[in-house]
>>> print(open('data.cif').read())   # mmCIF, C-alpha atoms, pLDDT in the B column; chains and numbers go by the auth columns
data_start
#
loop_
_atom_site.group_PDB
_atom_site.id
_atom_site.type_symbol
_atom_site.label_atom_id
_atom_site.label_comp_id
_atom_site.label_asym_id
_atom_site.label_seq_id
_atom_site.Cartn_x
_atom_site.Cartn_y
_atom_site.Cartn_z
_atom_site.B_iso_or_equiv
_atom_site.auth_seq_id
_atom_site.auth_asym_id
ATOM 1 C CA MET A 1 -9.063 -34.047 -22.580 53.00 17 A
ATOM 2 C CA GLY A 2 -6.880 -34.483 -25.706 57.00 18 A
ATOM 3 C CA LYS A 3 -3.114 -34.567 -25.526 67.00 19 A
ATOM 4 C CA GLY A 4 -2.753 -31.280 -27.396 66.00 20 A
ATOM 5 C CA CYS A 5 -5.229 -29.590 -25.070 69.00 21 A
ATOM 6 C CA ILE A 6 -3.334 -30.928 -22.051 71.00 22 A
ATOM 7 C CA THR A 7 -0.076 -29.537 -23.436 76.00 23 A
ATOM 8 C CA VAL A 8 -1.623 -26.113 -24.018 78.00 24 A
ATOM 9 C CA THR A 9 -3.137 -26.111 -20.506 76.00 25 A
ATOM 10 C CA LYS A 10 0.186 -27.149 -19.010 78.00 26 A
ATOM 11 C CA TYR A 11 2.168 -24.356 -20.617 80.00 27 A
ATOM 12 C CA PHE A 12 -0.534 -21.784 -19.960 80.00 28 A
ATOM 13 C CA LEU A 13 -0.403 -22.772 -16.295 80.00 29 A
ATOM 14 C CA PHE A 14 3.392 -22.555 -16.358 82.00 30 A
ATOM 15 C CA LEU A 15 3.209 -19.035 -17.822 83.00 31 A
ATOM 16 C CA PHE A 16 0.566 -18.079 -15.268 80.00 32 A
ATOM 17 C CA ASN A 17 2.741 -19.295 -12.390 81.00 33 A
ATOM 18 C CA LEU A 18 5.740 -17.461 -13.764 82.00 34 A
ATOM 19 C CA LEU A 19 3.682 -14.257 -13.673 80.00 35 A
ATOM 20 C CA PHE A 20 2.431 -15.199 -10.200 77.00 36 A
ATOM 21 C CA PHE A 21 6.054 -15.566 -9.063 82.00 37 A
ATOM 22 C CA ILE A 22 6.854 -12.091 -10.455 84.00 38 A
ATOM 23 C CA PHE A 23 3.766 -10.562 -8.813 78.00 39 A
ATOM 24 C CA GLY A 24 4.774 -12.187 -5.546 78.00 40 A
ATOM 25 C CA ALA A 25 8.207 -10.593 -5.811 83.00 41 A
ATOM 26 C CA LEU A 26 6.562 -7.193 -6.446 82.00 42 A
ATOM 27 C CA ILE A 27 4.263 -7.604 -3.425 79.00 43 A
ATOM 28 C CA MET A 28 7.197 -8.553 -1.211 81.00 44 A
ATOM 29 C CA GLY A 29 9.161 -5.599 -2.563 81.00 45 A
ATOM 30 C CA PHE A 30 6.237 -3.278 -1.786 77.00 46 A
ATOM 31 C CA GLY A 31 6.072 -4.667 1.747 74.00 47 A
ATOM 32 C CA LEU A 32 9.798 -4.015 2.204 79.00 48 A
ATOM 33 C CA TRP A 33 9.314 -0.497 0.843 75.00 49 A
ATOM 34 C CA VAL A 34 6.510 0.171 3.342 67.00 50 A
ATOM 35 C CA LEU A 35 8.718 -1.173 6.146 69.00 51 A
ATOM 36 C CA PHE A 36 11.843 0.841 5.312 71.00 52 A
ATOM 37 C CA ASP A 37 10.487 3.898 3.442 63.00 53 A
ATOM 38 C CA ASN A 38 10.989 7.273 5.081 55.00 54 A
ATOM 39 C CA GLN A 39 9.982 9.715 2.349 55.00 55 A
ATOM 40 C CA SER A 40 6.221 9.278 1.953 57.00 56 A
ATOM 41 C CA PHE A 41 2.891 9.417 3.779 57.00 57 A
ATOM 42 C CA ILE A 42 3.557 5.842 4.962 57.00 58 A
ATOM 43 C CA ALA A 43 6.465 7.080 7.077 57.00 59 A
ATOM 44 C CA VAL A 44 4.148 9.477 8.918 58.00 60 A
ATOM 45 C CA LEU A 45 1.768 6.677 9.848 57.00 61 A
ATOM 46 C CA GLN A 46 4.469 4.114 10.587 54.00 62 A
ATOM 47 C CA GLU A 47 6.173 6.017 13.402 55.00 63 A
ATOM 48 C CA SER A 48 2.890 6.580 15.235 51.00 64 A
ATOM 49 C CA SER A 49 1.143 3.251 14.700 53.00 65 A
ATOM 50 C CA ASP A 50 2.148 -0.412 14.735 59.00 66 A
ATOM 51 C CA THR A 51 -0.682 -1.193 12.284 59.00 67 A
ATOM 52 C CA VAL A 52 1.402 -0.118 9.278 62.00 68 A
ATOM 53 C CA LYS A 53 4.330 -2.262 10.396 67.00 69 A
ATOM 54 C CA VAL A 54 2.040 -5.257 10.826 69.00 70 A
ATOM 55 C CA ALA A 55 0.596 -4.593 7.354 69.00 71 A
ATOM 56 C CA SER A 56 4.116 -4.484 5.873 71.00 72 A
ATOM 57 C CA TYR A 57 4.984 -7.832 7.473 77.00 73 A
ATOM 58 C CA ILE A 58 1.747 -9.284 6.067 76.00 74 A
ATOM 59 C CA LEU A 59 2.649 -8.008 2.593 75.00 75 A
ATOM 60 C CA ILE A 60 6.124 -9.521 2.848 79.00 76 A
ATOM 61 C CA GLY A 61 4.619 -12.832 3.981 81.00 77 A
ATOM 62 C CA VAL A 62 2.007 -12.860 1.204 78.00 78 A
ATOM 63 C CA GLY A 63 4.652 -11.977 -1.375 80.00 79 A
ATOM 64 C CA SER A 64 6.971 -14.731 -0.171 83.00 80 A
ATOM 65 C CA LEU A 65 4.098 -17.242 -0.179 81.00 81 A
ATOM 66 C CA SER A 66 3.112 -16.157 -3.703 79.00 82 A
ATOM 67 C CA MET A 67 6.671 -16.652 -4.928 82.00 83 A
ATOM 68 C CA ALA A 68 6.813 -20.121 -3.370 82.00 84 A
ATOM 69 C CA MET A 69 3.423 -20.976 -4.863 80.00 85 A
ATOM 70 C CA GLY A 70 4.534 -19.758 -8.275 81.00 86 A
ATOM 71 C CA PHE A 71 7.648 -21.912 -8.088 83.00 87 A
ATOM 72 C CA PHE A 72 5.846 -25.083 -7.010 80.00 88 A
ATOM 73 C CA GLY A 73 3.057 -24.363 -9.485 80.00 89 A
ATOM 74 C CA CYS A 74 5.607 -24.225 -12.306 81.00 90 A
ATOM 75 C CA ILE A 75 7.123 -27.532 -11.197 82.00 91 A
ATOM 76 C CA GLY A 76 3.702 -29.156 -10.850 79.00 92 A
ATOM 77 C CA ALA A 77 2.585 -27.926 -14.283 78.00 93 A
ATOM 78 C CA ILE A 78 5.699 -28.904 -16.223 79.00 94 A
ATOM 79 C CA TYR A 79 6.124 -32.336 -14.610 79.00 95 A
ATOM 80 C CA GLU A 80 2.366 -32.960 -14.112 74.00 96 A
ATOM 81 C CA ILE A 81 2.559 -33.745 -10.378 79.00 97 A
ATOM 82 C CA ARG A 82 -0.981 -33.970 -9.007 80.00 98 A
ATOM 83 C CA CYS A 83 -0.090 -33.385 -5.364 82.00 99 A
ATOM 84 C CA LEU A 84 1.654 -30.103 -6.198 80.00 100 A
ATOM 85 C CA LEU A 85 -1.220 -29.039 -8.454 81.00 101 A
ATOM 86 C CA GLY A 86 -3.736 -29.864 -5.714 82.00 102 A
ATOM 87 C CA LEU A 87 -1.656 -28.005 -3.129 82.00 103 A
ATOM 88 C CA TYR A 88 -1.389 -25.064 -5.497 82.00 104 A
ATOM 89 C CA PHE A 89 -5.175 -24.986 -6.021 84.00 105 A
ATOM 90 C CA THR A 90 -5.806 -25.117 -2.253 85.00 106 A
ATOM 91 C CA CYS A 91 -3.370 -22.266 -1.542 82.00 107 A
ATOM 92 C CA LEU A 92 -4.909 -20.111 -4.275 82.00 108 A
ATOM 93 C CA LEU A 93 -8.366 -20.738 -2.849 85.00 109 A
ATOM 94 C CA LEU A 94 -7.219 -19.768 0.652 83.00 110 A
ATOM 95 C CA ILE A 95 -5.558 -16.594 -0.641 79.00 111 A
ATOM 96 C CA LEU A 96 -8.694 -15.620 -2.569 81.00 112 A
ATOM 97 C CA ILE A 97 -10.849 -16.161 0.539 83.00 113 A
ATOM 98 C CA ALA A 98 -8.367 -14.126 2.614 78.00 114 A
ATOM 99 C CA GLN A 99 -8.445 -11.268 0.094 76.00 115 A
ATOM 100 C CA VAL A 100 -12.235 -11.159 0.028 80.00 116 A
ATOM 101 C CA THR A 101 -12.332 -11.263 3.850 81.00 117 A
ATOM 102 C CA ALA A 102 -9.764 -8.457 4.103 75.00 118 A
ATOM 103 C CA GLY A 103 -11.731 -6.341 1.624 76.00 119 A
ATOM 104 C CA VAL A 104 -14.961 -6.837 3.587 80.00 120 A
ATOM 105 C CA LEU A 105 -13.245 -5.998 6.892 78.00 121 A
ATOM 106 C CA ILE A 106 -11.681 -2.836 5.451 74.00 122 A
ATOM 107 C CA TYR A 107 -15.043 -1.771 4.053 77.00 123 A
ATOM 108 C CA PHE A 108 -16.915 -2.248 7.323 83.00 124 A
ATOM 109 C CA GLN A 109 -14.052 -0.865 9.451 78.00 125 A
ATOM 110 C CA ARG A 110 -13.400 2.165 7.223 78.00 126 A
ATOM 111 C CA ASP A 111 -14.715 4.639 9.811 82.00 127 A
ATOM 112 C CA ARG A 112 -12.440 3.185 12.476 82.00 128 A
ATOM 113 C CA LEU A 113 -9.438 3.297 10.117 78.00 129 A
ATOM 114 C CA LYS A 114 -10.254 6.889 9.215 81.00 130 A
ATOM 115 C CA TYR A 115 -10.461 7.771 12.915 85.00 131 A
ATOM 116 C CA GLU A 116 -7.108 6.119 13.662 82.00 132 A
ATOM 117 C CA VAL A 117 -5.361 7.891 10.780 81.00 133 A
ATOM 118 C CA SER A 118 -6.854 11.217 11.906 86.00 134 A
ATOM 119 C CA ASN A 119 -5.523 10.709 15.445 87.00 135 A
ATOM 120 C CA ILE A 120 -2.059 9.863 14.128 84.00 136 A
ATOM 121 C CA ILE A 121 -1.846 12.958 11.928 87.00 137 A
ATOM 122 C CA LYS A 122 -3.290 15.287 14.586 88.00 138 A
ATOM 123 C CA GLY A 123 -0.795 13.939 17.128 87.00 139 A
ATOM 124 C CA LEU A 124 2.045 14.629 14.683 86.00 140 A
ATOM 125 C CA ILE A 125 0.820 18.206 14.140 89.00 141 A
ATOM 126 C CA ILE A 126 0.492 18.873 17.880 90.00 142 A
ATOM 127 C CA ASN A 127 4.067 17.704 18.581 88.00 143 A
ATOM 128 C CA TYR A 128 5.616 19.219 15.440 89.00 144 A
ATOM 129 C CA THR A 129 8.806 21.144 16.208 85.00 145 A
ATOM 130 C CA GLY A 130 10.351 21.615 12.768 78.00 146 A
ATOM 131 C CA GLN A 131 13.456 19.659 13.707 75.00 147 A
ATOM 132 C CA ASN A 132 15.094 17.149 11.375 60.00 148 A
ATOM 133 C CA ARG A 133 12.634 14.351 11.970 70.00 149 A
ATOM 134 C CA THR A 134 11.754 12.113 9.048 71.00 150 A
ATOM 135 C CA THR A 135 8.030 12.063 9.748 77.00 151 A
ATOM 136 C CA GLU A 136 7.847 15.847 10.106 83.00 152 A
ATOM 137 C CA HIS A 137 9.639 16.427 6.812 82.00 153 A
ATOM 138 C CA THR A 138 7.414 13.854 5.152 81.00 154 A
ATOM 139 C CA TRP A 139 4.302 15.654 6.393 87.00 155 A
ATOM 140 C CA ASP A 140 5.744 18.937 5.125 88.00 156 A
ATOM 141 C CA TYR A 141 6.230 17.310 1.719 85.00 157 A
ATOM 142 C CA ILE A 142 2.595 16.126 1.710 86.00 158 A
ATOM 143 C CA GLN A 143 1.272 19.592 2.555 88.00 159 A
ATOM 144 C CA ARG A 144 3.411 21.210 -0.148 87.00 160 A
ATOM 145 C CA THR A 145 2.599 18.752 -2.936 86.00 161 A
ATOM 146 C CA MET A 146 -1.115 18.431 -2.136 87.00 162 A
ATOM 147 C CA LYS A 147 -1.413 22.175 -1.437 89.00 163 A
ATOM 148 C CA CYS A 148 -3.233 21.633 1.834 90.00 164 A
ATOM 149 C CA CYS A 149 -2.812 22.591 5.475 92.00 165 A
ATOM 150 C CA GLY A 150 -3.498 20.479 8.558 90.00 166 A
ATOM 151 C CA TRP A 151 -5.627 17.349 8.471 90.00 167 A
ATOM 152 C CA THR A 152 -9.170 18.684 8.626 89.00 168 A
ATOM 153 C CA GLY A 153 -8.025 22.272 8.067 89.00 169 A
ATOM 154 C CA PRO A 154 -5.477 24.946 9.089 90.00 170 A
ATOM 155 C CA GLY A 155 -7.131 25.115 12.519 88.00 171 A
ATOM 156 C CA ASN A 156 -5.348 21.874 13.482 91.00 172 A
ATOM 157 C CA TRP A 157 -2.086 23.836 13.704 91.00 173 A
ATOM 158 C CA SER A 158 -3.503 26.069 16.455 88.00 174 A
ATOM 159 C CA GLU A 159 -3.162 23.034 18.741 90.00 175 A
ATOM 160 C CA ASN A 160 0.570 22.789 18.057 89.00 176 A
ATOM 161 C CA ILE A 161 2.636 23.203 21.245 88.00 177 A
ATOM 162 C CA VAL A 162 4.958 25.830 19.730 88.00 178 A
ATOM 163 C CA ILE A 163 2.358 27.756 17.699 86.00 179 A
ATOM 164 C CA SER A 164 -0.129 27.887 20.600 84.00 180 A
ATOM 165 C CA ASN A 165 2.462 29.887 22.583 84.00 181 A
ATOM 166 C CA SER A 166 3.045 32.343 19.743 78.00 182 A
ATOM 167 C CA SER A 167 0.507 34.337 17.776 71.00 183 A
ATOM 168 C CA ASN A 168 2.577 34.869 14.624 80.00 184 A
ATOM 169 C CA LEU A 169 3.834 31.394 13.658 85.00 185 A
ATOM 170 C CA TYR A 170 2.507 28.987 11.040 87.00 186 A
ATOM 171 C CA SER A 171 3.662 25.846 9.237 89.00 187 A
ATOM 172 C CA CYS A 172 6.030 26.787 6.394 89.00 188 A
ATOM 173 C CA SER A 173 4.789 23.950 4.203 89.00 189 A
ATOM 174 C CA CYS A 174 1.257 25.400 4.399 90.00 190 A
ATOM 175 C CA ARG A 175 2.480 28.545 2.636 87.00 191 A
ATOM 176 C CA ASN A 176 0.346 29.473 -0.350 86.00 192 A
ATOM 177 C CA ALA A 177 2.797 30.774 -2.966 82.00 193 A
ATOM 178 C CA SER A 178 0.038 32.714 -4.725 81.00 194 A
ATOM 179 C CA LEU A 179 -0.427 34.974 -1.692 78.00 195 A
ATOM 180 C CA PRO A 180 1.958 37.774 -0.644 70.00 196 A
ATOM 181 C CA GLY A 181 4.012 37.219 2.461 65.00 197 A
ATOM 182 C CA THR A 182 7.301 35.905 3.765 63.00 198 A
ATOM 183 C CA ASP A 183 9.850 33.958 1.738 70.00 199 A
ATOM 184 C CA ILE A 184 8.751 30.411 1.023 72.00 200 A
ATOM 185 C CA LYS A 185 10.436 27.689 3.082 81.00 201 A
ATOM 186 C CA GLU A 186 9.907 23.962 2.701 79.00 202 A
ATOM 187 C CA VAL A 187 10.017 22.832 6.342 83.00 203 A
ATOM 188 C CA GLY A 188 9.730 24.168 9.861 85.00 204 A
ATOM 189 C CA LEU A 189 7.690 27.015 11.305 87.00 205 A
ATOM 190 C CA CYS A 190 7.559 30.436 9.682 86.00 206 A
ATOM 191 C CA GLN A 191 6.822 33.847 11.184 82.00 207 A
ATOM 192 C CA THR A 192 4.217 36.183 9.708 77.00 208 A
ATOM 193 C CA LEU A 193 5.204 39.722 8.853 68.00 209 A
ATOM 194 C CA SER A 194 3.721 42.616 10.798 57.00 210 A
ATOM 195 C CA THR A 195 2.458 44.101 7.538 49.00 211 A
ATOM 196 C CA GLU A 196 0.394 41.032 6.751 49.00 212 A
ATOM 197 C CA PHE A 197 -3.236 40.488 7.558 52.00 213 A
ATOM 198 C CA LYS A 198 -4.258 38.567 10.660 61.00 214 A
ATOM 199 C CA THR A 199 -4.711 35.424 8.573 72.00 215 A
ATOM 200 C CA PRO A 200 -1.335 33.972 7.465 79.00 216 A
ATOM 201 C CA PRO A 201 -0.800 33.232 3.723 82.00 217 A
ATOM 202 C CA ILE A 202 -1.625 29.532 3.900 87.00 218 A
ATOM 203 C CA TYR A 203 -3.834 26.992 2.154 89.00 219 A
ATOM 204 C CA GLU A 204 -7.354 26.802 3.508 89.00 220 A
ATOM 205 C CA THR A 205 -8.052 23.161 2.569 88.00 221 A
ATOM 206 C CA GLY A 206 -7.251 20.278 4.925 89.00 222 A
ATOM 207 C CA CYS A 207 -5.168 17.353 3.678 89.00 223 A
ATOM 208 C CA MET A 208 -7.924 14.875 4.536 88.00 224 A
ATOM 209 C CA ALA A 209 -10.031 16.303 1.715 84.00 225 A
ATOM 210 C CA SER A 210 -7.046 16.086 -0.660 83.00 226 A
ATOM 211 C CA VAL A 211 -6.329 12.458 0.277 82.00 227 A
ATOM 212 C CA GLU A 212 -10.001 11.518 -0.123 82.00 228 A
ATOM 213 C CA LYS A 213 -10.073 13.259 -3.517 82.00 229 A
ATOM 214 C CA TRP A 214 -6.978 11.312 -4.606 77.00 230 A
ATOM 215 C CA LEU A 215 -8.594 8.036 -3.530 76.00 231 A
ATOM 216 C CA LEU A 216 -11.804 8.886 -5.401 79.00 232 A
ATOM 217 C CA ASP A 217 -9.861 9.872 -8.525 79.00 233 A
ATOM 218 C CA ASN A 218 -7.908 6.619 -8.449 74.00 234 A
ATOM 219 C CA CYS A 219 -10.739 4.409 -7.174 74.00 235 A
ATOM 220 C CA GLY A 220 -11.268 2.890 -10.624 77.00 236 A
ATOM 221 C CA VAL A 221 -7.585 1.957 -10.947 77.00 237 A
ATOM 222 C CA ILE A 222 -7.460 0.427 -7.450 72.00 238 A
ATOM 223 C CA LEU A 223 -10.684 -1.526 -8.022 76.00 239 A
ATOM 224 C CA GLY A 224 -9.481 -2.669 -11.439 78.00 240 A
ATOM 225 C CA ILE A 225 -6.248 -4.018 -9.965 75.00 241 A
ATOM 226 C CA CYS A 226 -8.143 -5.911 -7.250 76.00 242 A
ATOM 227 C CA VAL A 227 -10.574 -7.418 -9.753 80.00 243 A
ATOM 228 C CA GLY A 228 -7.720 -8.269 -12.126 78.00 244 A
ATOM 229 C CA VAL A 229 -5.834 -10.115 -9.376 76.00 245 A
ATOM 230 C CA ALA A 230 -8.986 -12.058 -8.427 79.00 246 A
ATOM 231 C CA VAL A 231 -9.632 -13.028 -12.080 82.00 247 A
ATOM 232 C CA VAL A 232 -6.025 -14.177 -12.512 78.00 248 A
ATOM 233 C CA GLU A 233 -6.292 -16.284 -9.351 79.00 249 A
ATOM 234 C CA LEU A 234 -9.563 -17.861 -10.540 84.00 250 A
ATOM 235 C CA LEU A 235 -7.962 -18.621 -13.902 82.00 251 A
ATOM 236 C CA GLY A 236 -5.032 -20.287 -12.158 80.00 252 A
ATOM 237 C CA MET A 237 -7.410 -22.398 -10.061 82.00 253 A
ATOM 238 C CA ILE A 238 -9.346 -23.508 -13.149 84.00 254 A
ATOM 239 C CA LEU A 239 -6.197 -24.398 -15.110 80.00 255 A
ATOM 240 C CA SER A 240 -4.664 -26.286 -12.190 81.00 256 A
ATOM 241 C CA MET A 241 -7.837 -28.342 -11.661 82.00 257 A
ATOM 242 C CA CYS A 242 -8.157 -29.128 -15.373 81.00 258 A
ATOM 243 C CA LEU A 243 -4.547 -30.282 -15.542 79.00 259 A
ATOM 244 C CA CYS A 244 -4.824 -32.182 -12.260 78.00 260 A
ATOM 245 C CA LYS A 245 -7.887 -34.117 -13.492 78.00 261 A
ATOM 246 C CA SER A 246 -6.171 -34.930 -16.795 75.00 262 A
ATOM 247 C CA VAL A 247 -3.146 -36.490 -15.086 68.00 263 A
ATOM 248 C CA VAL A 248 -3.985 -40.202 -14.884 59.00 264 A
ATOM 249 C CA GLN A 249 -0.758 -41.374 -13.314 54.00 265 A
ATOM 250 C CA GLU A 250 2.132 -39.366 -12.023 50.00 266 A
ATOM 251 C CA ASP A 251 5.549 -40.088 -13.468 51.00 267 A
ATOM 252 C CA TYR A 252 8.101 -38.940 -10.932 47.00 268 A
ATOM 253 C CA THR A 253 10.961 -40.132 -13.163 51.00 269 A
ATOM 254 C CA LYS A 254 10.504 -36.913 -15.178 51.00 270 A
ATOM 255 C CA VAL A 255 11.326 -34.786 -12.148 48.00 271 A
ATOM 256 C CA PRO A 256 15.030 -33.840 -12.183 50.00 272 A
ATOM 257 C CA LYS A 257 17.082 -35.293 -9.322 50.00 273 A
ATOM 258 C CA TYR A 258 19.832 -33.276 -7.675 47.00 274 A
#
>>> encode(input="data.cif", output="structure tokens")
Amino acid sequence: MGKGCITVTKYFLFLFNLLFFIFGALIMGFGLWVLFDNQSFIAVLQESSDTVKVASYILIGVGSLSMAMGFFGCIGAIYEIRCLLGLYFTCLLLILIAQVTAGVLIYFQRDRLKYEVSNIIKGLIINYTGQNRTTEHTWDYIQRTMKCCGWTGPGNWSENIVISNSSNLYSCSCRNASLPGTDIKEVGLCQTLSTEFKTPPIYETGCMASVEKWLLDNCGVILGICVGVAVVELLGMILSMCLCKSVVQEDYTKVPKY
């Protein structure tokens, strides 16, 4: 490989690792958001299942590892240190294998994951009291914004401890604004008026259908991101191997001493 080609490869690899460092920081930040967030669907799942917390710790670990890899990759590329380049290639390969394995496991365990999420949401609905609990308010926000009611349908709310003991209560966040009825409230349990029909003015679609629709609508974006990450990792592996093979002898005198 010519000297000019080596130089181009070196700086391309440096730029790649700089981006890898930034992506690692974003992944770690996302993991921290999942761990500490209390205003989204994640908060609903997190309080009822340790799986989400474990996933957040994994994201933080992967992000931290990616940042470290990006840093050492930059050092190895600029100063042409074969051991760092080889270590960088090995770590990238392991991460790629782990990602593919995780994707396969999620695909084949999708029914089990769907079942677990359903149990979590149904348990939240059954024990819903309308008090100032973060998860309850988050679920109310989901029902309002997605214009849905319950998980599989409004019938899930009939299992609620409070509603099952009263014939004229319903979830306020299920309120369909296009239908006549009581004043619209964002959280808690609302009471139907005596002048209303037997069916309260609520949405008839379950949130499971809305979530699945959102996933289908954004499936292309999610898949594109996954493929893009895999391509970037393969590119980094190729560049690191090319540069590693071109380094005949390591010159550690170029590495700054502190």
>>> closest_residue(input="data.cif", among="A:Gly119, A:Cys99, A:Pro196, A:Asn143", to="Ser180 (chain A)", atoms="only C-alpha atoms")
A:Asn143
>>> residues_around(input="data.cif", residues="Ser187 (chain A)", least_positions_apart="5", cutoff="9 Å", atoms="all atoms listed in the file", output="NGL selection string")
:A and (146 or 156 or 165-166 or 173 or 179 or 203-207 or 218)
>>> write_last_selection(input="data.cif", atoms="C-alpha atoms", output="mmCIF file, in the frame of the given file")
data_model
loop_
_atom_site.group_PDB
_atom_site.id
_atom_site.type_symbol
_atom_site.label_atom_id
_atom_site.label_comp_id
_atom_site.auth_asym_id
_atom_site.auth_seq_id
_atom_site.Cartn_x
_atom_site.Cartn_y
_atom_site.Cartn_z
ATOM 1 C CA GLY A 146 10.351 21.615 12.768
ATOM 2 C CA ASP A 156 5.744 18.937 5.125
ATOM 3 C CA CYS A 165 -2.812 22.591 5.475
ATOM 4 C CA GLY A 166 -3.498 20.479 8.558
ATOM 5 C CA TRP A 173 -2.086 23.836 13.704
ATOM 6 C CA ILE A 179 2.358 27.756 17.699
ATOM 7 C CA VAL A 203 10.017 22.832 6.342
ATOM 8 C CA GLY A 204 9.730 24.168 9.861
ATOM 9 C CA LEU A 205 7.690 27.015 11.305
ATOM 10 C CA CYS A 206 7.559 30.436 9.682
ATOM 11 C CA GLN A 207 6.822 33.847 11.184
ATOM 12 C CA ILE A 218 -1.625 29.532 3.900
#
>>> closest_atom_pairs(input="data.cif", of="region 58-158 of chain A", to="region 41-51 of chain A", cutoff="6 Å", atoms="all atoms listed in the file", output="tab-separated table")
residue	atom	partner	partner_atom	distance
A:Ser72	CA	A:Gly47	CA	4.6
A:Leu75	CA	A:Gly47	CA	4.9
A:Ile76	CA	A:Met44	CA	4.3
A:Gly79	CA	A:Met44	CA	4.3
>>> atom_distance(input="data.cif", atom1="CA of Gln115 (chain A)", atom2="CA of Phe52 (chain A)")
24.2 Å
>>> closest_residue(input="data.cif", among="A:Thr106, A:Gln159, A:Asn176, A:Thr150", to="Cys188 (chain A)", atoms="all atoms listed in the file")
A:Gln159
>>> atom_distance(input="data.cif", atom1="CA of Tyr95 (chain A)", atom2="CA of Gly252 (chain A)")
16.6 Å
>>> resolve_selection(input="data.cif", expression="the PyMOL selection byres ((chain A and resi 92) around 12)", output="ChimeraX atom specification")
/A:26-27,29-30,33,85-91,93-105,255-257,259-260,263,266-268,270-271
>>> write_last_selection(input="data.cif", atoms="C-alpha atoms", output="mmCIF file, in the coordinates of the input")
data_model
loop_
_atom_site.group_PDB
_atom_site.id
_atom_site.type_symbol
_atom_site.label_atom_id
_atom_site.label_comp_id
_atom_site.auth_asym_id
_atom_site.auth_seq_id
_atom_site.Cartn_x
_atom_site.Cartn_y
_atom_site.Cartn_z
ATOM 1 C CA LYS A 26 0.186 -27.149 -19.010
ATOM 2 C CA TYR A 27 2.168 -24.356 -20.617
ATOM 3 C CA LEU A 29 -0.403 -22.772 -16.295
ATOM 4 C CA PHE A 30 3.392 -22.555 -16.358
ATOM 5 C CA ASN A 33 2.741 -19.295 -12.390
ATOM 6 C CA MET A 85 3.423 -20.976 -4.863
ATOM 7 C CA GLY A 86 4.534 -19.758 -8.275
ATOM 8 C CA PHE A 87 7.648 -21.912 -8.088
ATOM 9 C CA PHE A 88 5.846 -25.083 -7.010
ATOM 10 C CA GLY A 89 3.057 -24.363 -9.485
ATOM 11 C CA CYS A 90 5.607 -24.225 -12.306
ATOM 12 C CA ILE A 91 7.123 -27.532 -11.197
ATOM 13 C CA ALA A 93 2.585 -27.926 -14.283
ATOM 14 C CA ILE A 94 5.699 -28.904 -16.223
ATOM 15 C CA TYR A 95 6.124 -32.336 -14.610
ATOM 16 C CA GLU A 96 2.366 -32.960 -14.112
ATOM 17 C CA ILE A 97 2.559 -33.745 -10.378
ATOM 18 C CA ARG A 98 -0.981 -33.970 -9.007
ATOM 19 C CA CYS A 99 -0.090 -33.385 -5.364
ATOM 20 C CA LEU A 100 1.654 -30.103 -6.198
ATOM 21 C CA LEU A 101 -1.220 -29.039 -8.454
ATOM 22 C CA GLY A 102 -3.736 -29.864 -5.714
ATOM 23 C CA LEU A 103 -1.656 -28.005 -3.129
ATOM 24 C CA TYR A 104 -1.389 -25.064 -5.497
ATOM 25 C CA PHE A 105 -5.175 -24.986 -6.021
ATOM 26 C CA LEU A 255 -6.197 -24.398 -15.110
ATOM 27 C CA SER A 256 -4.664 -26.286 -12.190
ATOM 28 C CA MET A 257 -7.837 -28.342 -11.661
ATOM 29 C CA LEU A 259 -4.547 -30.282 -15.542
ATOM 30 C CA CYS A 260 -4.824 -32.182 -12.260
ATOM 31 C CA VAL A 263 -3.146 -36.490 -15.086
ATOM 32 C CA GLU A 266 2.132 -39.366 -12.023
ATOM 33 C CA ASP A 267 5.549 -40.088 -13.468
ATOM 34 C CA TYR A 268 8.101 -38.940 -10.932
ATOM 35 C CA LYS A 270 10.504 -36.913 -15.178
ATOM 36 C CA VAL A 271 11.326 -34.786 -12.148
#
>>> closest_residue(input="data.cif", among="A:Ile74, A:Ala246, A:Glu202, A:Ile254", to="Ile113 (chain A)", atoms="all atoms listed in the file")
A:Ala246
>>> closest_residue(input="data.cif", among="A:Phe28, A:Phe37, A:Tyr144, A:Tyr219", to="Val78 (chain A)", atoms="only C-alpha atoms")
A:Phe37
>>> atom_distance(input="data.cif", atom1="CA of Cys242 (chain A)", atom2="CA of Leu129 (chain A)")
19.7 Å
>>> residues_around(input="data.cif", residues="Asn172 (chain A)", least_positions_apart="6", cutoff="10 Å", atoms="all atoms listed in the file", output="PyMOL selection string")
chain A and resi 137-139+141-142+165-166+222
>>> closest_residue(input="data.cif", among="A:Thr145, A:Asn135, A:Met162, A:Leu108", to="Trp230 (chain A)", atoms="all atoms listed in the file")
A:Met162
